[in-house]
file input05.cif (mmCIF, C-alpha atoms and all ligand atoms)
data_structure
loop_
_atom_site.label_atom_id
_atom_site.label_comp_id
_atom_site.auth_asym_id
_atom_site.auth_seq_id
_atom_site.Cartn_x
_atom_site.Cartn_y
_atom_site.Cartn_z
CA MET F 1 -22.52 -126.43 -280.77
CA SER F 2 -20.48 -124.10 -278.66
CA ASP F 3 -16.74 -124.00 -278.16
CA THR F 4 -17.09 -122.32 -274.80
CA ASP F 5 -14.85 -123.85 -272.16
CA ILE F 6 -16.57 -125.68 -269.36
CA ALA F 7 -15.92 -124.57 -265.77
CA ILE F 8 -14.91 -126.88 -262.93
CA ASP F 9 -15.32 -126.06 -259.24
CA ALA F 10 -14.47 -128.00 -256.10
CA ALA F 11 -14.52 -125.29 -253.41
CA PHE F 12 -17.32 -126.90 -251.42
CA ASP F 13 -17.89 -129.58 -248.79
CA SER F 14 -15.70 -132.60 -249.67
CA GLY F 15 -14.69 -131.05 -253.01
CA ASN F 16 -11.36 -132.34 -254.32
CA VAL F 17 -9.76 -132.05 -257.74
CA GLU F 18 -6.79 -130.39 -259.46
CA ILE F 19 -7.37 -128.92 -262.90
CA VAL F 20 -4.48 -129.47 -265.30
CA SER F 21 -6.18 -127.97 -268.35
CA ILE F 22 -9.58 -127.25 -269.89
CA ASP F 23 -10.26 -127.10 -273.61
CA GLY F 24 -13.91 -126.82 -274.67
CA ALA F 25 -15.73 -129.78 -273.09
CA THR F 26 -12.50 -131.67 -272.35
CA ALA F 27 -10.64 -131.38 -269.05
CA ARG F 28 -7.42 -132.97 -267.84
CA LEU F 29 -7.49 -133.55 -264.08
CA ARG F 30 -5.46 -134.92 -261.19
CA ILE F 31 -6.51 -136.08 -257.74
CA PRO F 32 -4.84 -134.09 -254.92
CA GLN F 33 -3.44 -135.93 -251.91
CA ASP F 34 -5.03 -135.76 -248.46
CA ARG F 35 -3.44 -132.94 -246.44
CA LYS F 36 -0.07 -133.97 -244.91
CA SER F 37 -0.30 -137.46 -246.39
CA GLU F 38 0.33 -139.39 -249.59
CA PHE F 39 -3.15 -140.88 -249.91
CA ALA F 40 -5.06 -139.72 -252.98
CA GLN F 41 -8.19 -141.31 -254.43
CA TRP F 42 -11.27 -139.23 -253.53
CA PHE F 43 -12.50 -136.74 -256.10
CA HIS F 44 -15.61 -134.57 -256.07
CA PHE F 45 -16.24 -131.59 -258.32
CA ARG F 46 -18.84 -129.75 -260.35
CA VAL F 47 -18.80 -129.15 -264.09
CA SER F 48 -20.89 -126.30 -265.47
CA GLY F 49 -21.56 -125.06 -268.97
CA ALA F 50 -21.86 -128.41 -270.74
CA ALA F 51 -25.59 -128.91 -271.35
CA GLY F 52 -26.05 -131.31 -274.26
CA ARG F 53 -22.29 -131.57 -274.95
CA GLU F 54 -20.26 -134.70 -274.38
CA LEU F 55 -17.82 -134.11 -271.55
CA THR F 56 -14.44 -135.82 -271.68
CA LEU F 57 -12.80 -135.84 -268.26
CA VAL F 58 -9.29 -137.30 -268.30
CA PHE F 59 -7.77 -138.18 -264.92
CA GLU F 60 -3.97 -138.49 -265.11
CA ASP F 61 -1.26 -140.05 -262.98
CA LEU F 62 -3.56 -142.55 -261.30
CA LYS F 63 -0.73 -144.99 -260.62
CA ASN F 64 0.26 -142.51 -257.90
CA THR F 65 -3.10 -142.85 -256.17
CA ALA F 66 -3.55 -144.90 -253.01
CA TYR F 67 -5.21 -147.86 -254.75
CA PRO F 68 -4.41 -148.03 -258.48
CA GLU F 69 -6.24 -151.38 -258.57
CA GLY F 70 -9.39 -149.41 -257.75
CA TRP F 71 -9.62 -147.94 -261.26
CA PRO F 72 -9.99 -150.97 -263.60
CA GLY F 73 -13.69 -151.85 -263.71
CA TYR F 74 -14.66 -148.63 -261.93
CA ARG F 75 -17.31 -146.24 -263.30
CA ALA F 76 -17.43 -142.65 -262.01
CA CYS F 77 -20.45 -141.46 -260.00
CA VAL F 78 -22.41 -138.59 -261.53
CA SER F 79 -25.45 -136.55 -260.55
CA GLU F 80 -27.22 -133.61 -262.10
CA ASP F 81 -29.62 -132.94 -259.21
CA ARG F 82 -27.34 -133.99 -256.30
CA ASP F 83 -30.01 -136.50 -255.28
CA PHE F 84 -29.90 -139.39 -257.75
CA TRP F 85 -26.35 -140.66 -258.31
CA GLY F 86 -25.81 -142.68 -261.46
CA ARG F 87 -22.65 -143.88 -263.19
CA ALA F 88 -20.86 -142.50 -266.24
CA ASP F 89 -19.03 -144.45 -268.95
CA THR F 90 -15.44 -144.76 -267.74
CA GLU F 91 -12.32 -146.33 -269.23
CA TYR F 92 -9.01 -146.96 -267.51
CA ASP F 93 -5.75 -147.20 -269.47
CA ALA F 94 -2.83 -148.28 -267.31
CA ASN F 95 -0.36 -147.67 -270.14
CA SER F 96 -0.89 -143.98 -270.82
CA GLY F 97 -0.19 -140.90 -268.68
CA ASN F 98 1.00 -143.07 -265.75
CA GLY F 99 -2.50 -144.49 -265.48
CA THR F 100 -5.34 -142.58 -267.15
CA MET F 101 -9.06 -142.76 -266.55
CA THR F 102 -11.38 -141.15 -269.08
CA VAL F 103 -14.96 -140.36 -268.08
CA ARG F 104 -17.48 -139.51 -270.79
CA TYR F 105 -20.87 -138.05 -270.00
CA THR F 106 -23.38 -135.78 -271.71
CA PRO F 107 -25.34 -133.76 -269.13
CA ALA F 108 -28.88 -132.78 -270.03
CA SER F 109 -28.63 -129.68 -267.87
CA ASP F 110 -25.88 -127.12 -267.45
CA MET F 111 -24.49 -128.68 -264.32
CA ALA F 112 -23.14 -132.11 -263.39
CA TYR F 113 -21.42 -133.30 -260.22
CA PHE F 114 -18.83 -136.06 -260.32
CA ALA F 115 -17.49 -137.98 -257.33
CA TYR F 116 -15.62 -141.16 -256.44
CA PHE F 117 -18.76 -142.31 -254.64
CA ALA F 118 -22.05 -140.50 -253.89
CA PRO F 119 -20.94 -137.80 -251.42
CA TYR F 120 -22.34 -137.60 -247.92
CA SER F 121 -22.07 -133.94 -246.92
CA MET F 122 -21.49 -132.57 -243.44
CA GLU F 123 -24.84 -130.73 -243.76
CA ARG F 124 -26.54 -134.07 -244.34
CA HIS F 125 -24.56 -135.46 -241.40
CA HIS F 126 -25.92 -132.70 -239.14
CA ASP F 127 -29.46 -133.36 -240.40
CA LEU F 128 -28.98 -137.07 -239.68
CA VAL F 129 -27.66 -136.51 -236.17
CA ALA F 130 -30.28 -133.89 -235.24
CA GLU F 131 -33.14 -135.99 -236.54
CA ALA F 132 -31.94 -139.13 -234.73
CA ALA F 133 -31.27 -137.17 -231.54
CA SER F 134 -34.86 -135.90 -231.53
CA ALA F 135 -36.30 -139.42 -231.73
CA GLU F 136 -37.83 -140.88 -228.59
CA GLY F 137 -35.43 -142.78 -226.38
CA VAL F 138 -32.29 -141.47 -228.10
CA THR F 139 -29.49 -139.77 -226.17
CA TYR F 140 -26.97 -137.57 -227.94
CA ARG F 141 -23.37 -137.57 -226.69
CA ARG F 142 -20.55 -135.37 -227.90
CA LEU F 143 -17.60 -137.73 -227.44
CA GLY F 144 -14.87 -135.27 -228.33
CA GLU F 145 -13.55 -132.68 -230.70
CA THR F 146 -11.36 -132.73 -233.80
CA PHE F 147 -8.41 -130.54 -234.85
CA ASP F 148 -10.74 -128.36 -236.94
CA GLY F 149 -13.15 -128.00 -234.00
CA ARG F 150 -15.81 -130.45 -235.20
CA SER F 151 -17.66 -132.73 -232.79
CA ILE F 152 -17.46 -136.52 -232.65
CA ASP F 153 -21.18 -137.26 -232.55
CA CYS F 154 -22.60 -140.35 -230.87
CA LEU F 155 -26.22 -141.45 -230.64
CA GLU F 156 -27.22 -143.92 -227.95
CA MET F 157 -30.40 -145.89 -227.52
CA GLY F 158 -31.79 -149.15 -226.18
CA ASP F 159 -32.40 -150.75 -222.80
CA GLY F 160 -30.62 -154.09 -223.12
CA ASP F 161 -27.48 -155.16 -221.27
CA LYS F 162 -25.34 -155.96 -224.35
CA GLN F 163 -23.09 -153.14 -225.51
CA LEU F 164 -23.35 -152.71 -229.29
CA TRP F 165 -21.03 -150.24 -231.03
CA ILE F 166 -21.59 -149.23 -234.65
CA TYR F 167 -19.22 -146.70 -236.18
CA GLY F 168 -18.09 -145.66 -239.61
CA ARG F 169 -16.21 -143.34 -241.89
CA GLN F 170 -12.88 -143.51 -240.11
CA HIS F 171 -11.83 -143.24 -243.75
CA PRO F 172 -13.76 -140.16 -244.84
CA GLY F 173 -13.77 -140.87 -248.59
CA GLU F 174 -15.63 -144.11 -247.86
CA THR F 175 -18.97 -142.30 -247.94
CA GLN F 176 -20.75 -145.65 -248.34
CA ALA F 177 -20.29 -145.93 -244.58
CA GLU F 178 -22.42 -142.92 -243.74
CA TRP F 179 -25.13 -143.88 -246.23
CA TRP F 180 -25.16 -147.20 -244.35
CA MET F 181 -25.41 -145.28 -241.05
CA GLU F 182 -28.41 -143.34 -242.35
CA GLY F 183 -30.14 -146.63 -243.13
CA ALA F 184 -29.19 -148.01 -239.71
CA LEU F 185 -30.44 -144.97 -237.80
CA GLU F 186 -33.75 -145.04 -239.68
CA VAL F 187 -34.24 -148.63 -238.49
CA LEU F 188 -33.08 -147.93 -234.94
CA THR F 189 -35.24 -144.83 -234.41
CA ASP F 190 -38.43 -145.95 -236.14
CA PRO F 191 -40.96 -147.07 -233.50
CA ALA F 192 -42.72 -149.18 -236.14
CA ASP F 193 -39.58 -151.11 -237.13
CA VAL F 194 -39.43 -154.40 -235.27
CA VAL F 195 -35.74 -154.94 -236.11
CA GLY F 196 -34.93 -151.69 -234.31
CA ARG F 197 -37.27 -152.55 -231.44
CA ALA F 198 -35.72 -156.00 -230.98
CA LEU F 199 -32.17 -154.68 -231.07
CA ARG F 200 -33.01 -151.87 -228.64
CA ALA F 201 -34.53 -154.43 -226.28
CA LYS F 202 -31.37 -156.55 -226.31
CA CYS F 203 -28.69 -153.86 -226.38
CA ARG F 204 -27.45 -150.47 -225.39
CA ILE F 205 -26.55 -149.20 -228.86
CA HIS F 206 -23.83 -146.63 -229.53
CA VAL F 207 -23.74 -145.20 -233.07
CA VAL F 208 -20.92 -142.96 -234.34
CA PRO F 209 -22.02 -142.16 -237.90
CA ASN F 210 -18.87 -140.25 -238.81
CA CYS F 211 -15.56 -140.83 -237.00
CA ASN F 212 -13.67 -138.40 -239.24
CA PRO F 213 -15.63 -135.20 -239.92
CA ASP F 214 -12.50 -133.13 -240.69
CA GLY F 215 -11.37 -135.49 -243.42
CA SER F 216 -14.95 -135.61 -244.72
CA ALA F 217 -15.26 -131.84 -245.08
CA ARG F 218 -11.76 -131.55 -246.53
CA GLY F 219 -12.41 -134.11 -249.25
CA HIS F 220 -9.88 -136.66 -247.97
CA LEU F 221 -9.84 -140.32 -248.84
CA ARG F 222 -8.27 -141.78 -245.75
CA THR F 223 -6.93 -139.33 -243.15
CA ASN F 224 -7.91 -136.65 -240.65
CA ALA F 225 -6.84 -132.97 -240.78
CA GLU F 226 -3.29 -133.89 -239.70
CA GLY F 227 -2.85 -136.59 -242.31
CA VAL F 228 -3.33 -139.48 -239.86
CA ASN F 229 -5.05 -142.73 -240.89
CA LEU F 230 -7.40 -143.23 -237.94
CA ASN F 231 -7.75 -146.96 -238.51
CA ARG F 232 -4.06 -147.38 -237.60
CA GLU F 233 -4.38 -145.49 -234.29
CA TRP F 234 -6.38 -147.84 -232.09
CA ALA F 235 -3.47 -149.26 -230.09
CA GLU F 236 -2.27 -145.86 -228.88
CA PRO F 237 -4.61 -143.04 -229.86
CA SER F 238 -3.36 -139.59 -228.85
CA THR F 239 -4.55 -136.00 -228.61
CA ASP F 240 -1.83 -134.83 -230.98
CA ARG F 241 -2.52 -137.37 -233.75
CA SER F 242 -5.92 -138.97 -233.35
CA PRO F 243 -8.28 -137.21 -230.91
CA GLU F 244 -11.19 -138.82 -232.79
CA VAL F 245 -10.09 -142.37 -231.95
CA LEU F 246 -9.09 -141.42 -228.40
CA ALA F 247 -12.58 -140.04 -227.75
CA ILE F 248 -14.34 -143.11 -229.15
CA ARG F 249 -12.06 -145.62 -227.45
CA ASN F 250 -12.42 -143.84 -224.09
CA ALA F 251 -16.20 -144.09 -224.43
CA MET F 252 -15.85 -147.79 -225.26
CA ASP F 253 -13.64 -148.27 -222.19
CA GLU F 254 -16.48 -146.83 -220.11
CA SER F 255 -19.27 -148.97 -221.57
CA GLY F 256 -17.38 -152.10 -222.57
CA VAL F 257 -18.13 -153.67 -225.96
CA ASP F 258 -19.92 -156.95 -226.72
CA PHE F 259 -20.39 -156.52 -230.46
CA ALA F 260 -18.81 -153.95 -232.78
CA MET F 261 -19.15 -153.17 -236.46
CA ASP F 262 -16.79 -150.71 -238.16
CA VAL F 263 -18.16 -149.68 -241.56
CA HIS F 264 -15.91 -149.02 -244.59
CA GLY F 265 -15.65 -149.04 -248.38
CA ASP F 266 -13.11 -150.98 -250.43
CA GLU F 267 -11.57 -149.51 -253.58
CA ALA F 268 -10.64 -152.70 -255.41
CA ILE F 269 -13.02 -155.55 -254.54
CA ALA F 270 -16.41 -155.47 -256.28
CA ALA F 271 -18.31 -157.15 -253.44
CA VAL F 272 -19.64 -156.71 -249.91
CA PHE F 273 -17.64 -158.60 -247.29
CA LEU F 274 -16.61 -158.71 -243.65
CA ALA F 275 -13.16 -158.88 -242.07
CA GLY F 276 -12.72 -160.39 -238.59
CA TYR F 277 -9.96 -160.53 -236.00
CA GLU F 278 -7.94 -163.61 -236.82
CA GLY F 279 -4.40 -163.38 -235.49
CA ILE F 280 -5.06 -161.35 -232.31
CA PRO F 281 -3.23 -162.54 -229.16
CA SER F 282 -6.33 -163.96 -227.45
CA TRP F 283 -7.62 -165.69 -230.58
CA THR F 284 -9.27 -169.07 -230.06
CA ASP F 285 -11.52 -171.11 -232.32
CA ASP F 286 -14.47 -170.45 -229.99
CA PHE F 287 -13.79 -166.73 -229.92
CA CYS F 288 -13.59 -166.45 -233.70
CA GLU F 289 -16.64 -168.67 -234.17
CA ARG F 290 -18.72 -165.80 -232.74
CA PHE F 291 -17.67 -163.71 -235.74
CA TYR F 292 -18.08 -166.54 -238.26
CA ARG F 293 -21.57 -167.26 -236.97
CA TYR F 294 -22.58 -163.66 -237.63
CA GLN F 295 -21.04 -163.87 -241.09
CA ARG F 296 -23.07 -167.01 -241.87
CA ILE F 297 -26.30 -165.38 -240.68
CA LEU F 298 -25.73 -162.30 -242.86
CA ASP F 299 -24.73 -164.47 -245.82
CA ARG F 300 -27.98 -166.41 -245.57
CA ARG F 301 -30.17 -163.33 -245.19
CA CYS F 302 -28.64 -160.90 -247.67
CA PRO F 303 -28.02 -161.55 -251.42
CA ASP F 304 -25.74 -158.48 -251.58
CA PHE F 305 -23.38 -160.10 -249.04
CA GLN F 306 -20.88 -162.85 -249.83
CA THR F 307 -17.86 -164.60 -248.32
CA ALA F 308 -15.87 -165.82 -251.36
CA LYS F 309 -14.11 -162.48 -251.92
CA GLY F 310 -12.41 -160.49 -249.17
CA TYR F 311 -9.13 -159.89 -247.36
CA PRO F 312 -6.66 -162.66 -246.50
CA LYS F 313 -6.88 -163.73 -242.84
CA SER F 314 -3.95 -162.83 -240.55
CA LYS F 315 -1.79 -165.76 -239.40
CA PRO F 316 -1.76 -166.57 -235.67
CA GLY F 317 -0.13 -163.79 -233.67
CA THR F 318 0.27 -161.42 -236.64
CA ALA F 319 -2.85 -159.25 -236.38
CA ASN F 320 -2.22 -155.52 -236.68
CA MET F 321 -3.38 -154.27 -233.28
CA THR F 322 -3.54 -150.64 -234.46
CA VAL F 323 -6.60 -151.57 -236.56
CA SER F 324 -9.90 -150.94 -234.83
CA THR F 325 -11.49 -154.38 -235.26
CA ASN F 326 -8.44 -156.22 -233.89
CA GLN F 327 -7.97 -153.82 -230.98
CA VAL F 328 -11.67 -153.83 -230.05
CA ALA F 329 -11.91 -157.65 -230.22
CA GLU F 330 -8.81 -158.06 -228.04
CA ARG F 331 -9.41 -155.21 -225.61
CA TYR F 332 -13.06 -155.99 -224.82
CA ASN F 333 -13.31 -159.68 -225.73
CA ALA F 334 -15.82 -158.40 -228.29
CA THR F 335 -17.21 -159.90 -231.46
CA ALA F 336 -15.81 -157.23 -233.77
CA MET F 337 -15.74 -156.82 -237.51
CA THR F 338 -15.04 -154.51 -240.41
CA LEU F 339 -17.79 -154.24 -243.02
CA GLU F 340 -16.57 -153.41 -246.52
CA MET F 341 -18.76 -152.15 -249.37
CA PRO F 342 -17.55 -151.58 -252.93
CA PHE F 343 -16.79 -148.35 -254.76
CA LYS F 344 -17.35 -150.30 -257.98
CA ASP F 345 -20.44 -152.44 -258.30
CA ASN F 346 -21.40 -155.67 -256.59
CA ASP F 347 -20.37 -158.15 -259.31
CA ASP F 348 -22.85 -160.73 -258.02
CA TRP F 349 -25.78 -158.33 -258.57
CA PRO F 350 -24.60 -155.64 -260.97
CA ASP F 351 -26.69 -152.52 -261.56
CA GLN F 352 -25.84 -150.80 -264.83
CA ALA F 353 -27.47 -147.50 -263.87
CA GLN F 354 -26.04 -146.98 -260.40
CA GLY F 355 -23.50 -149.65 -259.52
CA TRP F 356 -23.18 -149.90 -255.75
CA SER F 357 -25.29 -146.99 -254.54
CA PRO F 358 -26.46 -145.03 -251.48
CA GLU F 359 -29.78 -146.84 -251.70
CA ARG F 360 -28.07 -150.24 -251.49
CA CYS F 361 -25.88 -149.10 -248.57
CA LYS F 362 -29.02 -148.22 -246.63
CA LEU F 363 -30.77 -151.50 -247.43
CA LEU F 364 -27.64 -153.44 -246.44
CA ALA F 365 -27.68 -151.70 -243.05
CA ARG F 366 -31.13 -153.08 -242.33
CA ASP F 367 -30.00 -156.60 -243.21
CA CYS F 368 -26.93 -156.19 -240.98
CA LEU F 369 -29.06 -155.10 -238.03
CA ALA F 370 -31.58 -157.89 -238.59
CA ALA F 371 -28.68 -160.35 -238.63
CA MET F 372 -27.52 -158.90 -235.29
CA VAL F 373 -30.97 -159.58 -233.79
CA GLU F 374 -30.69 -163.21 -234.90
CA TRP F 375 -27.10 -163.41 -233.68
CA PHE F 376 -27.95 -162.13 -230.19
CA ASP F 377 -30.92 -164.56 -230.07
CA GLY F 378 -28.48 -167.40 -230.76
CA GLU F 379 -26.09 -166.23 -228.02
CA GLU F 380 -28.92 -166.45 -225.53
CA GLY F 381 -29.51 -170.04 -226.72
ZN ZN C 1 -11.66 -147.99 -244.89
#
call {"tool": "encode", "arguments": {"input": "input05.cif", "output": "structure tokens", "more": "lines below"}}
Ligand code: ZN
result
Amino acid sequence: MSDTDIAIDAAFDSGNVEIVSIDGATARLRIPQDRKSEFAQWFHFRVSGAAGRELTLVFEDLKNTAYPEGWPGYRACVSEDRDFWGRADTEYDANSGNGTMTVRYTPASDMAYFAYFAPYSMERHHDLVAEAASAEGVTYRRLGETFDGRSIDCLEMGDGDKQLWIYGRQHPGETQAEWWMEGALEVLTDPADVVGRALRAKCRIHVVPNCNPDGSARGHLRTNAEGVNLNREWAEPSTDRSPEVLAIRNAMDESGVDFAMDVHGDEAIAAVFLAGYEGIPSWTDDFCERFYRYQRILDRRCPDFQTAKGYPKSKPGTANMTVSTNQVAERYNATAMTLEMPFKDNDDWPDQAQGWSPERCKLLARDCLAAMVEWFDGEEG
């Protein structure tokens, strides 16, 4: 046994933690807020010097995070090789330290990475975009630029007349979304994959795998470099608050939108679900049925998807038009939806080792695309 203090680092892509104290293999930690905002929830850091010792990582003050209801039932993500992400034993105590989460883990090697969900780095993003862009029949478009000078990357493919938009990670800490995008792009660019072939035959497909690269690199949960929540900017996006949304919405204005899926993660609900566009001004039963029909198709095809748990539906005329799905449905008469994946596990199909995982995000993407093929078939009658 050694009494040597462990070391904690977060000065890397999407790193985020504040060290309160370190004593031996025990650390007290806090989660810093996104720059210029009050949202805090995403953490990502490295612990070194703890091989064979039980780490005790105590996160304090969690009632001041964005979603305190995200912590009960949550288990922290951990990896020693930055490839396989498992889960560590985690306890939440609402009654001590203004909400305290204690993570215990004994690394076999001298290094362990911890994160709110398996990180999706900007380097991996660039690999994803470059690889997809080099596939046959794929066009790369740079839709715009962020405050930090990063590009809004869009990959386009397909010869059909329906305009399909797939975009994710408006909320950068919801890394599930880009794991999903990786699965989707593998399907869409693989010449042997008949789901991709069928969708490319029916649609012109526009994929924005990361709508918020600045927030991603900075280790934010929910905002861009200026502290703006992009999924509240769709009614009036602007160059001085939300150049990311302005660039994407302008491109949508050019192409039109028939079907749109905006991919997210949810902190509290341990399930995969969709949210539609109830309550928009042009809502009708027929219009919304297009969304519900997709939801039924996905529900039938995919055991990881369910409809019992989710968000309450907006009452007539009360939809928040700054939210992407509502704005896109209204603006383009599009079948639009928000896909939510858990940070916790999927309670219907729990996985003790990994919880909800990158691998499951990718598999879900294939089911979502296959459900789109069936949905478009049904539209054609
Ligand atoms: Zn989100």
call {"tool": "residues_around", "arguments": {"input": "input05.cif", "residues": "Ala132 (chain F)", "least_positions_apart": "3", "cutoff": "12 Å", "atoms": "only C-alpha atoms", "output": "NGL selection string"}}
result
:F and (125-129 or 135-141 or 153-157 or 181-190 or 207-209)
call {"tool": "atom_distance", "arguments": {"input": "input05.cif", "atom1": "CA of Asp9 (chain F)", "atom2": "CA of Ser37 (chain F)"}}
result
22.8 Å
call {"tool": "atom_distance", "arguments": {"input": "input05.cif", "atom1": "CA of Ala329 (chain F)", "atom2": "CA of Ala251 (chain F)"}}
result
15.4 Å
call {"tool": "axis_aligned_box", "arguments": {"input": "input05.cif", "around": "region 234-245 of chain F", "padding_each_side": "5 Å", "output": "AutoDock Vina command-line options"}}
result
--center_x -6.5 --center_y -142.0 --center_z -231.2 --size_x 19.4 --size_y 24.4 --size_z 15.1
call {"tool": "residues_around", "arguments": {"input": "input05.cif", "residues": "Ile152 (chain F)", "least_positions_apart": "5", "cutoff": "6 Å", "atoms": "all atoms listed in the file", "output": "list in words"}}
result
Arg142, Leu143, Gly144 and Glu145 of chain F
call {"tool": "residues_near_point", "arguments": {"input": "input05.cif", "point": "(-15.9, -159.2, -239.3)", "cutoff": "9 Å", "atoms": "only C-alpha atoms", "output": "list in words"}}
result
Ala260, Met261, Asp262, Phe273, Leu274, Ala275, Gly276, Tyr277, Phe291, Tyr292, Tyr294, Gln295, Thr325, Thr335, Ala336, Met337, Thr338 and Leu339 of chain F
call {"tool": "closest_residue", "arguments": {"input": "input05.cif", "among": "F:Gly99, F:Pro32, F:Pro342, F:Gly24", "to": "ligand ZN 1 (chain C)", "atoms": "all atoms listed in the file"}}
result
F:Pro342
call {"tool": "residues_near_ligand", "arguments": {"input": "input05.cif", "ligand": "ligand ZN 1 (chain C)", "cutoff": "6 Å", "atoms": "all atoms listed in the file", "output": "JSON, numbers by chain"}}
result
{"F": [171, 264, 265]}
call {"tool": "residues_around", "arguments": {"input": "input05.cif", "residues": "region 40-51 of chain F", "least_positions_apart": "6", "cutoff": "7 Å", "atoms": "only C-alpha atoms", "output": "PyMOL selection string"}}
result
chain F and resi 6-10+14-17+25+31-34+65-66+107-116+173+219-221
call {"tool": "residues_near_point", "arguments": {"input": "input05.cif", "point": "(-0.9, -145.2, -257.6)", "cutoff": "10 Å", "atoms": "all atoms listed in the file", "output": "list in words"}}
result
Glu38, Phe39, Ala40, Gln41, Asp61, Leu62, Lys63, Asn64, Thr65, Ala66, Tyr67, Pro68, Glu69, Gly70, Trp71, Asn98 and Gly99 of chain F
call {"tool": "atom_distance", "arguments": {"input": "input05.cif", "atom1": "CA of Leu364 (chain F)", "atom2": "CA of Asn212 (chain F)"}}
result
21.8 Å
call {"tool": "closest_residue", "arguments": {"input": "input05.cif", "among": "F:Pro172, F:Pro281, F:Gly73, F:Gly160", "to": "His206 (chain F)", "atoms": "only C-alpha atoms"}}
result
F:Gly160
call {"tool": "residues_around", "arguments": {"input": "input05.cif", "residues": "Val228 (chain F)", "least_positions_apart": "6", "cutoff": "9 Å", "atoms": "all atoms listed in the file", "output": "ChimeraX atom specification"}}
result
/F:36-37,222,241-242
call {"tool": "closest_residue", "arguments": {"input": "input05.cif", "among": "F:Thr322, F:Gly310, F:Arg75, F:Glu18", "to": "Glu233 (chain F)", "atoms": "only C-alpha atoms"}}
result
F:Thr322
call {"tool": "closest_residue", "arguments": {"input": "input05.cif", "among": "F:Ala353, F:Cys203, F:Asp266, F:Thr146", "to": "Ala88 (chain F)", "atoms": "all atoms listed in the file"}}
result
F:Ala353
call {"tool": "closest_residue", "arguments": {"input": "input05.cif", "among": "F:Lys315, F:Tyr120, F:Arg301, F:Arg35", "to": "Asp367 (chain F)", "atoms": "all atoms listed in the file"}}
result
F:Arg301
call {"tool": "closest_residue", "arguments": {"input": "input05.cif", "among": "F:Phe376, F:Phe117, F:Phe59, F:Phe12", "to": "Gly86 (chain F)", "atoms": "only C-alpha atoms"}}
result
F:Phe117
